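Reproduced below: target.cif, with mmCIF, C-alpha atoms.
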data_start
#
loop_
_atom_site.label_atom_id
_atom_site.label_comp_id
_atom_site.auth_asym_id
_atom_site.auth_seq_id
_atom_site.Cartn_x
_atom_site.Cartn_y
_atom_site.Cartn_z
CA MET A 547 116.48 161.85 114.98
CA ALA A 548 113.92 163.31 112.57
CA THR A 549 110.43 163.84 114.01
CA VAL A 550 107.26 163.42 111.95
CA VAL A 551 103.92 164.48 113.41
CA ALA A 552 100.89 162.82 111.81
CA VAL A 553 97.57 164.63 112.22
CA TYR A 554 94.42 162.49 112.08
CA THR A 555 90.77 163.57 111.94
CA GLY A 556 89.47 160.09 112.79
CA GLN A 557 90.33 156.86 114.57
CA GLY A 558 91.81 153.75 113.02
CA LEU A 559 94.25 154.90 110.36
CA SER A 560 97.07 155.37 112.88
CA LYS A 561 97.13 151.58 113.33
CA ARG A 562 98.01 151.21 109.65
CA ILE A 563 100.38 154.17 109.46
CA GLY A 564 102.46 153.08 112.45
CA PRO A 565 103.78 149.78 111.00
CA LEU A 566 104.36 151.36 107.58
CA PHE A 567 106.30 154.20 109.19
CA ARG A 568 108.54 151.79 111.10
CA GLU A 569 109.11 149.80 107.91
CA GLU A 570 109.90 152.73 105.63
CA LEU A 571 111.48 155.14 108.14
CA PRO A 572 113.36 153.09 110.73
CA GLY A 573 114.98 155.23 113.39
CA CYS A 574 112.68 158.21 112.87
CA ARG A 575 110.23 159.43 115.49
CA LEU A 576 106.49 159.40 114.81
CA VAL A 577 104.07 161.40 116.95
CA ASN A 578 100.31 161.08 116.41
CA ILE A 579 97.74 163.82 117.02
CA ILE A 580 94.19 162.44 116.74
CA ASP A 581 90.95 164.41 116.97
CA ASP A 582 88.04 162.40 115.64
CA SER A 583 85.63 165.28 116.30
CA MET A 584 86.97 166.94 113.15
CA ILE A 585 85.75 164.31 110.69
CA ALA A 586 82.46 164.08 112.61
CA ASP A 587 81.99 167.84 112.15
CA VAL A 588 82.96 167.67 108.47
CA ILE A 589 80.41 164.89 107.89
CA GLN A 590 77.67 166.78 109.73
CA ALA A 591 78.34 170.04 107.88
CA GLY A 592 78.85 168.36 104.50
CA GLY A 593 82.27 169.94 104.14
CA VAL A 594 85.16 171.59 105.94
CA THR A 595 84.04 174.40 108.24
CA THR A 596 85.97 177.41 109.49
CA ALA A 597 86.05 175.85 112.95
CA VAL A 598 87.64 172.67 111.56
CA VAL A 599 90.29 174.70 109.74
CA ARG A 600 91.08 176.58 112.98
CA ARG A 601 91.53 173.31 114.86
CA LEU A 602 93.68 171.90 112.08
CA VAL A 603 95.95 174.96 112.28
CA GLN A 604 96.14 174.57 116.06
CA TYR A 605 97.30 170.97 115.69
CA TYR A 606 99.90 172.00 113.14
CA ARG A 607 101.10 174.59 115.69
CA HIS A 608 101.30 171.82 118.29
CA ALA A 609 103.41 169.83 115.82
CA GLU A 610 105.82 172.76 115.59
CA ASP A 611 106.00 172.92 119.39
CA ILE A 612 106.74 169.18 119.49
CA GLY A 613 109.72 169.82 117.23
CA ALA A 614 108.39 168.30 114.03
CA ASP A 615 110.63 168.27 110.98
CA LEU A 616 107.56 167.46 108.88
CA ILE A 617 103.79 167.25 109.29
CA LEU A 618 101.84 164.41 107.67
CA ASN A 619 98.22 165.33 106.95
CA THR A 620 96.40 162.00 106.86
CA CYS A 621 92.84 163.07 106.00
CA SER A 622 91.74 163.55 102.39
CA SER A 623 88.58 165.39 103.44
CA VAL A 624 90.64 168.29 104.83
CA GLY A 625 93.36 168.15 102.17
CA GLU A 626 92.36 171.42 100.52
CA ALA A 627 92.41 173.15 103.92
CA ALA A 628 95.95 171.85 104.42
CA ASP A 629 96.93 173.42 101.10
CA ARG A 630 95.46 176.77 102.12
CA VAL A 631 97.37 177.01 105.41
CA ARG A 632 100.79 175.73 104.25
CA SER A 633 102.19 179.26 104.03
CA LEU A 634 101.63 179.74 107.78
CA PHE A 635 104.30 177.19 108.65
CA ASN A 636 108.04 176.92 108.24
CA ILE A 637 108.05 173.12 108.10
CA PRO A 638 106.75 171.07 105.17
CA ILE A 639 103.24 169.58 105.21
CA VAL A 640 102.94 166.34 103.25
CA LYS A 641 99.42 165.26 102.33
CA ILE A 642 98.99 161.51 102.42
CA ASP A 643 97.27 161.34 99.03
CA ASP A 644 99.37 163.75 96.94
CA ASP A 645 101.87 161.20 95.66
CA MET A 646 99.09 158.72 94.93
CA ALA A 647 97.35 161.34 92.78
CA ARG A 648 100.58 162.14 90.94
CA GLN A 649 101.26 158.51 90.09
CA VAL A 650 97.71 157.74 89.03
CA THR A 651 97.30 160.75 86.74
CA LYS A 652 100.71 160.10 85.20
CA ASN A 653 99.97 156.49 84.28
CA PHE A 654 96.20 156.18 83.66
CA ASN A 655 93.49 157.92 81.64
CA GLN A 656 90.22 156.52 83.05
CA ILE A 657 90.29 156.84 86.84
CA GLY A 658 87.69 155.31 89.13
CA VAL A 659 87.49 156.85 92.62
CA LEU A 660 85.95 155.00 95.55
CA ALA A 661 85.05 156.67 98.86
CA THR A 662 83.11 155.85 102.00
CA LEU A 663 82.39 159.51 102.80
CA PRO A 664 80.75 162.01 100.43
CA THR A 665 82.97 164.76 101.84
CA THR A 666 86.02 162.98 100.36
CA LEU A 667 84.80 162.51 96.79
CA ASP A 668 84.96 166.11 95.61
CA PRO A 669 88.38 166.90 97.18
CA THR A 670 89.80 163.72 95.62
CA ARG A 671 88.37 164.55 92.17
CA GLN A 672 89.83 168.05 92.39
CA LEU A 673 93.21 166.74 93.55
CA LEU A 674 93.38 164.33 90.62
CA GLN A 675 92.38 167.05 88.16
CA ARG A 676 94.98 169.48 89.52
CA GLU A 677 97.69 166.86 89.19
CA ALA A 678 96.55 166.02 85.65
CA ASP A 679 96.65 169.72 84.71
CA LEU A 680 100.18 170.06 86.09
CA GLN A 681 101.23 167.14 83.89
CA ASN A 682 99.29 168.39 80.84
CA ARG A 683 97.33 165.17 80.92
CA ASN A 684 93.69 164.62 79.97
CA VAL A 685 92.02 162.23 82.38
CA SER A 686 88.45 161.15 83.01
CA VAL A 687 87.29 160.58 86.58
CA VAL A 688 84.28 158.51 87.59
CA ASP A 689 83.41 157.90 91.21
CA ALA A 690 81.27 155.79 93.49
CA LEU A 691 80.28 156.23 97.12
CA ALA A 692 80.11 153.14 99.33
CA VAL A 693 77.13 154.40 101.32
CA GLY A 694 77.22 153.22 104.93
CA ALA A 695 80.71 151.74 104.74
CA TYR A 696 82.39 154.32 106.98
CA GLN A 697 79.66 153.97 109.57
CA ALA A 698 80.07 150.19 109.44
CA LEU A 699 83.81 150.48 110.03
CA ILE A 700 83.60 152.79 113.04
CA SER A 701 80.82 150.68 114.56
CA GLY A 702 82.96 147.54 114.47
CA GLN A 703 81.63 145.88 111.30
CA PRO A 704 84.71 145.64 109.04
CA GLU A 705 83.22 142.85 106.91
CA GLU A 706 80.20 145.03 106.04
CA HIS A 707 82.57 147.93 105.33
CA ASP A 708 84.48 145.77 102.85
CA ARG A 709 81.32 144.40 101.21
CA LEU A 710 79.91 147.85 100.57
CA ILE A 711 83.20 149.03 99.05
CA TYR A 712 83.27 146.00 96.76
CA GLU A 713 79.71 146.74 95.58
CA ALA A 714 80.69 150.34 94.85
CA ALA A 715 83.79 149.17 92.99
CA LYS A 716 81.71 146.98 90.68
CA SER A 717 79.71 150.02 89.61
CA VAL A 718 82.77 151.86 88.23
CA ALA A 719 85.23 149.09 87.34
CA LYS A 720 83.99 148.74 83.75
CA LYS A 721 84.48 152.47 83.15
CA ALA A 722 88.00 152.69 84.57
CA ASP A 723 91.51 151.41 84.00
CA VAL A 724 92.55 152.05 87.62
CA LEU A 725 90.80 152.34 90.98
CA VAL A 726 91.74 154.94 93.59
CA LEU A 727 90.80 154.52 97.25
CA ALA A 728 90.06 158.06 98.38
CA GLN A 729 90.62 157.44 102.10
CA GLY A 730 93.53 155.82 103.85
CA SER A 731 91.12 153.79 105.95
CA MET A 732 90.12 151.89 102.79
CA ALA A 733 93.62 150.55 102.16
CA ARG A 734 92.66 147.21 103.71
CA MET A 735 90.74 146.55 100.47
CA GLU A 736 93.60 147.26 98.05
CA LYS A 737 94.58 143.69 97.16
CA ALA A 738 91.08 142.21 97.36
CA LEU A 739 89.67 144.80 94.95
CA SER A 740 92.53 144.30 92.52
CA ASP A 741 91.98 140.53 92.59
CA GLU A 742 88.22 140.91 92.07
CA THR A 743 88.25 143.59 89.34
CA GLY A 744 91.54 142.83 87.58
CA LEU A 745 92.45 146.53 87.83
CA PRO A 746 95.40 148.16 89.57
CA VAL A 747 94.25 149.68 92.85
CA TYR A 748 95.98 152.61 94.52
CA ALA A 749 95.77 153.41 98.24
CA SER A 750 97.48 156.32 99.95
CA PRO A 751 99.13 155.12 103.21
CA ARG A 752 102.34 153.53 101.91
CA LEU A 753 102.73 156.08 99.11
CA GLY A 754 102.21 158.87 101.64
CA ILE A 755 104.90 157.47 103.94
CA MET A 756 107.29 157.13 101.00
CA ALA A 757 106.62 160.78 100.15
CA VAL A 758 107.52 161.66 103.73
CA ARG A 759 110.78 159.76 103.37
CA ALA A 760 111.57 161.54 100.10
CA GLU A 761 111.00 164.94 101.71
CA LEU A 762 113.19 164.06 104.71
CA GLU A 763 115.90 162.88 102.31
CA ARG A 764 115.63 166.19 100.45
CA GLN A 765 116.14 168.00 103.76
CA GLY A 766 119.15 165.79 104.60
CA LYS A 767 117.34 164.37 107.66
CA TYR A 768 117.01 160.78 106.48
CA PRO A 769 118.46 158.26 107.24
CA CYS A 770 117.44 159.29 110.74
#
Go ahead and express the file in the form of structure tokens.
Amino acid sequence: MATVVAVYTGQGLSKRIGPLFREELPGCRLVNIIDDSMIADVIQAGGVTTAVVRRLVQYYRHAEDIGADLILNTCSSVGEAADRVRSLFNIPIVKIDDDMARQVTKNFNQIGVLATLPTTLDPTRQLLQREADLQNRNVSVVDALAVGAYQALISGQPEEHDRLIYEAAKSVAKKADVLVLAQGSMARMEKALSDETGLPVYASPRLGIMAVRAELERQGKYPC
């Protein structure tokens, strides 16, 4: 049985990842490591700190001790830190948003990015640009921050979270031919935003899980 350890910096996303994992990877083992102090510290500092990177590495070490065949990094805000520490580990680290970025930059030229945290916007822009460069593609990225949406979600106001994201989407929809949801926690809005704007909308959770499956297949560990 292949073991995947998912590392979370906040609460909530594991409830979405779990059902998707069972759907896409039946028979595999999923272990969750959740430390919501990390995203709180990133928000307070305005970016990823050395202390956050140290904790992230510690959790990846725990994943190795658990017997992980693969680590799933679920937080876009610490994605660049995950890239920097990959070489420290002998097991693959799959970032939840990498495959989303590859698909979007391959198929679209004008990309609108929506986020509920300012600390996610810049890493997502840079990820999209790196993927575009690898594909020799010229893309334009515009973004919008749904101010207060993340705080609404964690305080138990999902309707306000969704409303603020929709308002942010309206501000970039006319400048884009696709919308990208920078955080997995925003995936709940994928269909509603597509219906309202008429644009394709990409969210990372399912694409991230499918990337996990592809990597396990490459290793010969799936089907589990």
Can you pull out every residue within 10 Å of segment 621-637 of chain A, counting only C-alpha atoms, but drop anything in the same chain fewer than 2 positions away, and send it as a PyMOL selection string? chain A and resi 552-556+559+584-585+588-589+593-596+598-600+602-603+606-607+609-610+613-619+639-644+663-670+672-673+728-731+750
Quick one: apply the PyMOL selection byres ((chain A and resi 733-747) around 7) to the file and drop the selected residues here as a PDB file with C-alpha atoms, keeping the file's coordinate frame.
ATOM      1  CA  ASP A 708      84.480 145.770 102.850  1.00  0.00           C
ATOM      2  CA  TYR A 712      83.270 146.000  96.760  1.00  0.00           C
ATOM      3  CA  ALA A 719      85.230 149.090  87.340  1.00  0.00           C
ATOM      4  CA  ASP A 723      91.510 151.410  84.000  1.00  0.00           C
ATOM      5  CA  VAL A 724      92.550 152.050  87.620  1.00  0.00           C
ATOM      6  CA  LEU A 725      90.800 152.340  90.980  1.00  0.00           C
ATOM      7  CA  VAL A 726      91.740 154.940  93.590  1.00  0.00           C
ATOM      8  CA  LEU A 727      90.800 154.520  97.250  1.00  0.00           C
ATOM      9  CA  GLY A 730      93.530 155.820 103.850  1.00  0.00           C
ATOM     10  CA  SER A 731      91.120 153.790 105.950  1.00  0.00           C
ATOM     11  CA  MET A 732      90.120 151.890 102.790  1.00  0.00           C
ATOM     12  CA  TYR A 748      95.980 152.610  94.520  1.00  0.00           C
ATOM     13  CA  ALA A 749      95.770 153.410  98.240  1.00  0.00           C
TER      14      ALA A 749
END
Could you write out as a compact mmCIF listing (two decimals) with C-alpha atoms, in the frame of the given file the residues that the PyMOL selection byres ((chain A and resi 690) around 6) matches in the shown file?
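File part_1.txt, as written:
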# COMPACT_ATOMS: atom_id res chain seq x y z
CA LEU A 660 85.95 155.00 95.55
CA ASP A 689 83.41 157.90 91.21
CA LEU A 691 80.28 156.23 97.12
CA ALA A 714 80.69 150.34 94.85
May I ask which of the residues A:Ile711, A:Lys720, A:Glu706, A:Gly694 is the closest one to Ile657 of chain A, counting all atoms listed in the file? A:Lys720
The residue from A:Asp645, A:Glu713, A:Glu677, A:Asp581 with the smallest atom-to-atom distance to Thr662 of chain A, counting all atoms listed in the file, is A:Glu713
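Distances here use all atoms listed in the file; by that measure, the residue among A:Ala548, A:Ile580, A:His707, A:Gln697 closest to Thr620 of chain A is A:Ile580.
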For segment 740-753 of chain A, I'd like the enclosing box, axis-aligned and padded by 5 Å on every side, reported as AutoDock Vina command-line options with centre and edge lengths in Å to one decimal.
--center_x 95.5 --center_y 148.4 --center_z 95.4 --size_x 24.5 --size_y 25.8 --size_z 25.6
